[in-house]
Amino acid sequence: MRLTRWTPLVTLLLTAAAVEADEPKTRDFLFHYKATVTGLEPGQSARVWLPVPATHEDQDAGLVTQNLPLTIQIGRESKFGNLILYTEAQAGPDGRIPLAVTYRIRRREVLSDKTSPKPTRAELDLFLKPDAKVPLGGKPQSLLKGRDLPVDQLATSRIFYDVVNNHMKYSKDGIGWGRGDAVWACDSKFGNCSDFHSLFISLARSNAIPAKFEMGF
């Protein structure tokens with residue numbers, strides 16, 4: 001099964017200033033999410049998983065319209081708590097399964113993390129470990145050669161940000177980009193967001209600063 005043509009489209013509806021200065025500003029969006037499964041035989045069944053926007057302290061998400069199979073399930077994966085939509089569907093005469101869903105999102109400005117729950121020891125340990133393509137030490141650390149890093153983690157993280165931003169160019173030319181490979185990103189000096197993030201995370205974790213890759217709706 002090939003899942004292709006992901007087309008997230010965001011329509012800005014309005015920007016509303018908060019009534020009081022200490023309240024976060026908000027934005028309302030219509031978020032259109034489309035996917036098409038291709039390359040199937042007519043009538044062939046496919047199992048499909050789609051990400052689902054969550055409601056939490058920073059946003060509210062509500063379903064507006066959907067073009068999905070009649071039977072769907074919404075589950076929550078155990079490691080990070082992300083919502084996942086699961087369905088089984090049959091391809092049409094053209095061997096395709098189109099899917100579309102529209103959500104209304106109210107996004108609140110994130111002013112600080114003072115009210116957010118503090119990470120657990122297990123979470124901190126997880127975000128200090130190497131991943132398959134995000135090593136501790138090694139070639140990415142060569143970008144910091146000759147630099148004196150401050151004790152303050154925020155100031156150090158800003159240095160990592162500038163190092164990555166100055167070292168790399170955002171580009172999807174050629175091959176190899178998009179895999180989140182920190183060593184490749186260090187060598188190639190270009191890539192997409194996943195490559196930028198992997199290099200930054202490698203620098204952070206190698207210097208005992210917990211870091212994670214977060215993306216989504």
# chains A, B, ... in the order shown; residues from 1 in each chain; ligands from 1
$ select_by_dssp --residues "range 1-191 of chain A" --states "strand (DSSP E or B)" --output "PyMOL selection string"
chain A and resi 2-16+26-38+45-51+56+59-67+72-76+83-90+97-108+131+134+169-170+190-191
$ residues_around --residues "range 189-205 of chain A" --least-positions-apart "6" --cutoff "10 Å" --atoms "only C-alpha atoms" --output "VMD selection string"
chain A and resid 127 to 131 133 to 144 153 156 to 157 160 to 183 211 to 215
$ write_last_selection --atoms "N, CA and C atoms" --output "compact mmCIF listing (two decimals), in the first residue's frame"
# COMPACT_ATOMS: atom_id res chain seq x y z
N PHE A 127 14.50 11.69 26.30
CA PHE A 127 14.90 12.75 25.39
C PHE A 127 16.37 13.14 25.54
N LEU A 128 17.12 12.31 26.27
CA LEU A 128 18.58 12.43 26.34
C LEU A 128 19.27 11.28 25.62
N LYS A 129 18.51 10.30 25.18
CA LYS A 129 19.08 9.12 24.56
C LYS A 129 19.28 9.33 23.05
N PRO A 130 20.21 8.58 22.46
CA PRO A 130 20.34 8.64 21.00
C PRO A 130 19.20 7.93 20.32
N ASP A 131 18.91 8.34 19.09
CA ASP A 131 17.97 7.62 18.23
C ASP A 131 18.75 6.99 17.09
N LYS A 133 19.03 7.66 14.02
CA LYS A 133 19.74 8.59 13.14
C LYS A 133 20.11 9.88 13.86
N VAL A 134 20.03 9.86 15.19
CA VAL A 134 20.42 11.02 15.99
C VAL A 134 21.42 10.55 17.04
N PRO A 135 22.71 10.59 16.71
CA PRO A 135 23.72 10.06 17.63
C PRO A 135 24.06 11.04 18.75
N LEU A 136 24.67 10.50 19.79
CA LEU A 136 25.30 11.33 20.81
C LEU A 136 26.77 11.45 20.43
N GLY A 137 27.27 12.66 20.37
CA GLY A 137 28.66 12.86 19.98
C GLY A 137 28.85 12.64 18.50
N GLY A 138 30.10 12.38 18.11
CA GLY A 138 30.39 12.11 16.72
C GLY A 138 30.46 13.37 15.87
N LYS A 139 30.22 13.21 14.58
CA LYS A 139 30.43 14.29 13.61
C LYS A 139 29.65 15.57 13.90
N PRO A 140 28.37 15.51 14.30
CA PRO A 140 27.67 16.77 14.57
C PRO A 140 28.39 17.66 15.60
N GLN A 141 29.07 17.03 16.55
CA GLN A 141 29.76 17.82 17.57
C GLN A 141 30.92 18.63 17.00
N SER A 142 31.38 18.25 15.81
CA SER A 142 32.48 19.00 15.20
C SER A 142 32.07 20.43 14.87
N LEU A 143 30.77 20.68 14.75
CA LEU A 143 30.29 22.03 14.46
C LEU A 143 30.49 22.97 15.64
N LEU A 144 30.74 22.41 16.81
CA LEU A 144 30.92 23.23 18.02
C LEU A 144 32.39 23.39 18.38
N GLN A 153 21.21 26.66 29.98
CA GLN A 153 20.77 25.78 28.90
C GLN A 153 20.06 26.55 27.78
N THR A 156 22.69 28.19 25.70
CA THR A 156 23.38 27.16 24.91
C THR A 156 22.51 26.69 23.75
N SER A 157 21.24 26.52 24.00
CA SER A 157 20.32 26.08 22.94
C SER A 157 20.25 27.12 21.83
N PHE A 160 23.13 26.52 19.60
CA PHE A 160 22.87 25.38 18.72
C PHE A 160 21.96 25.77 17.56
N TYR A 161 20.94 26.56 17.88
CA TYR A 161 20.01 27.03 16.84
C TYR A 161 20.76 27.79 15.75
N ASP A 162 21.60 28.74 16.17
CA ASP A 162 22.34 29.55 15.21
C ASP A 162 23.33 28.70 14.42
N VAL A 163 23.99 27.75 15.09
CA VAL A 163 24.94 26.88 14.41
C VAL A 163 24.26 26.10 13.29
N VAL A 164 23.11 25.50 13.61
CA VAL A 164 22.37 24.71 12.62
C VAL A 164 21.86 25.61 11.50
N ASN A 165 21.31 26.76 11.86
CA ASN A 165 20.74 27.66 10.87
C ASN A 165 21.80 28.20 9.92
N ASN A 166 22.99 28.45 10.43
CA ASN A 166 24.07 28.98 9.59
C ASN A 166 24.75 27.88 8.78
N HIS A 167 24.69 26.65 9.26
CA HIS A 167 25.37 25.54 8.60
C HIS A 167 24.55 24.97 7.45
N MET A 168 23.21 25.02 7.58
CA MET A 168 22.35 24.33 6.64
C MET A 168 21.50 25.27 5.80
N LYS A 169 21.12 24.77 4.63
CA LYS A 169 20.21 25.45 3.72
C LYS A 169 18.97 24.58 3.53
N TYR A 170 17.80 25.22 3.60
CA TYR A 170 16.57 24.45 3.39
C TYR A 170 16.42 24.16 1.90
N SER A 171 16.47 22.89 1.54
CA SER A 171 16.38 22.51 0.13
C SER A 171 15.95 21.05 0.03
N LYS A 172 15.14 20.78 -0.99
CA LYS A 172 14.71 19.41 -1.27
C LYS A 172 15.27 18.92 -2.61
N ASP A 173 16.37 19.50 -3.01
CA ASP A 173 17.03 19.04 -4.23
C ASP A 173 17.81 17.75 -3.95
N GLY A 174 18.01 16.98 -4.99
CA GLY A 174 18.82 15.78 -4.84
C GLY A 174 18.11 14.70 -4.04
N ILE A 175 18.91 13.81 -3.43
CA ILE A 175 18.36 12.70 -2.66
C ILE A 175 18.99 12.68 -1.27
N GLY A 176 18.34 11.94 -0.36
CA GLY A 176 18.87 11.76 0.98
C GLY A 176 18.24 12.63 2.04
N TRP A 177 17.57 13.70 1.62
CA TRP A 177 16.96 14.60 2.60
C TRP A 177 15.66 14.01 3.13
N GLY A 178 15.21 14.53 4.28
CA GLY A 178 13.91 14.15 4.82
C GLY A 178 13.92 12.94 5.73
N ARG A 179 15.08 12.34 6.00
CA ARG A 179 15.13 11.13 6.84
C ARG A 179 15.47 11.45 8.30
N GLY A 180 15.76 12.70 8.58
CA GLY A 180 16.11 13.06 9.95
C GLY A 180 17.42 12.45 10.39
N ASP A 181 18.39 12.41 9.48
CA ASP A 181 19.69 11.82 9.74
C ASP A 181 20.66 12.95 10.08
N ALA A 182 21.06 13.03 11.36
CA ALA A 182 21.88 14.15 11.81
C ALA A 182 23.26 14.15 11.16
N VAL A 183 23.86 12.99 10.99
CA VAL A 183 25.20 12.92 10.38
C VAL A 183 25.12 13.32 8.91
N ALA A 211 15.91 17.05 24.47
CA ALA A 211 15.31 17.65 23.28
C ALA A 211 14.47 16.60 22.58
N LYS A 212 13.35 17.04 22.00
CA LYS A 212 12.48 16.10 21.28
C LYS A 212 11.97 16.76 20.00
N PHE A 213 11.57 15.93 19.09
CA PHE A 213 11.00 16.40 17.82
C PHE A 213 9.49 16.40 17.98
N GLU A 214 8.88 17.55 17.79
CA GLU A 214 7.43 17.67 17.94
C GLU A 214 6.86 18.35 16.71
N MET A 215 5.87 17.71 16.11
CA MET A 215 5.19 18.29 14.96
C MET A 215 3.75 17.82 14.97
$ closest_residue --among "A:Ser45, A:Thr120, A:Thr26, A:Thr38" --to "Glu88 in chain A" --atoms "only C-alpha atoms"
A:Ser45
$ residues_around --residues "Leu40 in chain A" --least-positions-apart "2" --cutoff "9 Å" --atoms "only C-alpha atoms" --output "VMD selection string"
chain A and resid 1 to 2 37 to 38 42 to 46 91 to 92 94 to 97
$ write_last_selection --atoms "N, CA, C and O atoms" --output "PDB file, in the first residue's frame"
ATOM      1  N   MET A   1       0.843  -1.198   0.000  1.00  0.00           N
ATOM      2  CA  MET A   1       0.000   0.000   0.000  1.00  0.00           C
ATOM      3  C   MET A   1       0.874   1.241   0.000  1.00  0.00           C
ATOM      4  O   MET A   1       1.856   1.325   0.722  1.00  0.00           O
ATOM      5  N   ARG A   2       0.533   2.189  -0.827  1.00  0.00           N
ATOM      6  CA  ARG A   2       1.226   3.465  -0.843  1.00  0.00           C
ATOM      7  C   ARG A   2       0.250   4.567  -0.445  1.00  0.00           C
ATOM      8  O   ARG A   2      -0.832   4.672  -0.996  1.00  0.00           O
ATOM      9  N   VAL A  37      -4.953   7.103  -1.174  1.00  0.00           N
ATOM     10  CA  VAL A  37      -4.228   5.844  -1.326  1.00  0.00           C
ATOM     11  C   VAL A  37      -4.295   5.451  -2.795  1.00  0.00           C
ATOM     12  O   VAL A  37      -5.371   5.391  -3.383  1.00  0.00           O
ATOM     13  N   THR A  38      -3.133   5.191  -3.400  1.00  0.00           N
ATOM     14  CA  THR A  38      -3.079   4.897  -4.826  1.00  0.00           C
ATOM     15  C   THR A  38      -2.377   3.561  -5.065  1.00  0.00           C
ATOM     16  O   THR A  38      -1.818   2.958  -4.146  1.00  0.00           O
ATOM     17  N   PRO A  42      -8.700  -2.484  -8.349  1.00  0.00           N
ATOM     18  CA  PRO A  42     -10.102  -2.150  -8.060  1.00  0.00           C
ATOM     19  C   PRO A  42     -10.703  -3.129  -7.058  1.00  0.00           C
ATOM     20  O   PRO A  42     -10.585  -4.343  -7.209  1.00  0.00           O
ATOM     21  N   GLY A  43     -11.321  -2.597  -6.010  1.00  0.00           N
ATOM     22  CA  GLY A  43     -11.933  -3.428  -4.986  1.00  0.00           C
ATOM     23  C   GLY A  43     -10.978  -3.937  -3.931  1.00  0.00           C
ATOM     24  O   GLY A  43     -11.414  -4.563  -2.956  1.00  0.00           O
ATOM     25  N   GLN A  44      -9.693  -3.692  -4.076  1.00  0.00           N
ATOM     26  CA  GLN A  44      -8.719  -4.163  -3.092  1.00  0.00           C
ATOM     27  C   GLN A  44      -8.857  -3.385  -1.789  1.00  0.00           C
ATOM     28  O   GLN A  44      -9.056  -2.177  -1.788  1.00  0.00           O
ATOM     29  N   SER A  45      -8.760  -4.089  -0.662  1.00  0.00           N
ATOM     30  CA  SER A  45      -8.883  -3.453   0.646  1.00  0.00           C
ATOM     31  C   SER A  45      -7.531  -2.920   1.109  1.00  0.00           C
ATOM     32  O   SER A  45      -6.475  -3.463   0.778  1.00  0.00           O
ATOM     33  N   ALA A  46      -7.599  -1.851   1.857  1.00  0.00           N
ATOM     34  CA  ALA A  46      -6.395  -1.261   2.437  1.00  0.00           C
ATOM     35  C   ALA A  46      -6.708  -0.798   3.853  1.00  0.00           C
ATOM     36  O   ALA A  46      -7.827  -0.359   4.146  1.00  0.00           O
ATOM     37  N   ALA A  91     -10.710   0.019  -2.583  1.00  0.00           N
ATOM     38  CA  ALA A  91     -10.386   0.929  -3.679  1.00  0.00           C
ATOM     39  C   ALA A  91     -11.515   0.974  -4.693  1.00  0.00           C
ATOM     40  O   ALA A  91     -12.207  -0.016  -4.931  1.00  0.00           O
ATOM     41  N   GLY A  92     -11.686   2.124  -5.312  1.00  0.00           N
ATOM     42  CA  GLY A  92     -12.680   2.278  -6.368  1.00  0.00           C
ATOM     43  C   GLY A  92     -12.183   1.703  -7.678  1.00  0.00           C
ATOM     44  O   GLY A  92     -11.106   1.103  -7.754  1.00  0.00           O
ATOM     45  N   ASP A  94     -10.781   3.041 -10.040  1.00  0.00           N
ATOM     46  CA  ASP A  94      -9.498   3.610 -10.447  1.00  0.00           C
ATOM     47  C   ASP A  94      -8.343   3.172  -9.548  1.00  0.00           C
ATOM     48  O   ASP A  94      -7.213   3.650  -9.692  1.00  0.00           O
ATOM     49  N   GLY A  95      -8.615   2.265  -8.597  1.00  0.00           N
ATOM     50  CA  GLY A  95      -7.559   1.786  -7.709  1.00  0.00           C
ATOM     51  C   GLY A  95      -7.144   2.788  -6.649  1.00  0.00           C
ATOM     52  O   GLY A  95      -6.046   2.687  -6.096  1.00  0.00           O
ATOM     53  N   ARG A  96      -8.027   3.711  -6.329  1.00  0.00           N
ATOM     54  CA  ARG A  96      -7.697   4.765  -5.370  1.00  0.00           C
ATOM     55  C   ARG A  96      -8.709   4.796  -4.237  1.00  0.00           C
ATOM     56  O   ARG A  96      -9.867   4.417  -4.403  1.00  0.00           O
ATOM     57  N   ILE A  97      -8.255   5.265  -3.088  1.00  0.00           N
ATOM     58  CA  ILE A  97      -9.130   5.504  -1.937  1.00  0.00           C
ATOM     59  C   ILE A  97      -8.912   6.948  -1.492  1.00  0.00           C
ATOM     60  O   ILE A  97      -7.900   7.269  -0.871  1.00  0.00           O
TER      61      ILE A  97
END
$ closest_residue --among "A:Gln59, A:Gln90, A:Gln73, A:Gln66" --to "Arg27 in chain A" --atoms "only C-alpha atoms"
A:Gln59
$ select_by_dssp --residues "range 4-140 of chain A" --states "helix (DSSP H, G or I)" --output "JSON, numbers by chain"
{"A": [121, 122, 123, 124, 125, 126, 139, 140]}
$ atom_distance --atom1 "CA of Lys34 in chain A" --atom2 "CA of Ile105 in chain A"
16.1 Å
$ closest_residue --among "A:Asp152, A:Arg158, A:Pro53, A:Asp125" --to "Gly81 in chain A" --atoms "only C-alpha atoms"
A:Pro53
$ residues_around --residues "Leu63 in chain A" --least-positions-apart "6" --cutoff "12 Å" --atoms "only C-alpha atoms" --output "MDAnalysis selection string"
chainID A and resid 29:33 52:55 100:106
$ write_last_selection --atoms "C-alpha atoms" --output "PDB file, in the first residue's frame"
ATOM      1  CA  PHE A  29      -8.684  27.988  11.440  1.00  0.00           C
ATOM      2  CA  LEU A  30     -10.449  25.577   9.160  1.00  0.00           C
ATOM      3  CA  PHE A  31      -7.946  22.780   8.669  1.00  0.00           C
ATOM      4  CA  HIS A  32      -8.530  20.617   5.581  1.00  0.00           C
ATOM      5  CA  TYR A  33      -6.632  17.324   5.602  1.00  0.00           C
ATOM      6  CA  VAL A  52      -5.941  13.445  14.364  1.00  0.00           C
ATOM      7  CA  PRO A  53      -5.572  16.947  15.880  1.00  0.00           C
ATOM      8  CA  ALA A  54      -5.876  16.949  19.650  1.00  0.00           C
ATOM      9  CA  THR A  55      -7.649  19.210  22.107  1.00  0.00           C
ATOM     10  CA  ALA A 100     -10.712  14.027   3.451  1.00  0.00           C
ATOM     11  CA  VAL A 101     -11.599  15.601   6.758  1.00  0.00           C
ATOM     12  CA  THR A 102     -12.033  19.196   7.935  1.00  0.00           C
ATOM     13  CA  TYR A 103     -11.480  20.402  11.497  1.00  0.00           C
ATOM     14  CA  ARG A 104     -12.128  23.749  13.127  1.00  0.00           C
ATOM     15  CA  ILE A 105      -9.126  24.687  15.242  1.00  0.00           C
ATOM     16  CA  ARG A 106      -8.900  27.421  17.857  1.00  0.00           C
TER      17      ARG A 106
END
$ atom_distance --atom1 "CA of Arg107 in chain A" --atom2 "CA of Leu124 in chain A"
26.7 Å
$ closest_residue --among "A:Ala122, A:Val48, A:Cys186, A:Leu68" --to "Pro210 in chain A" --atoms "only C-alpha atoms"
A:Ala122
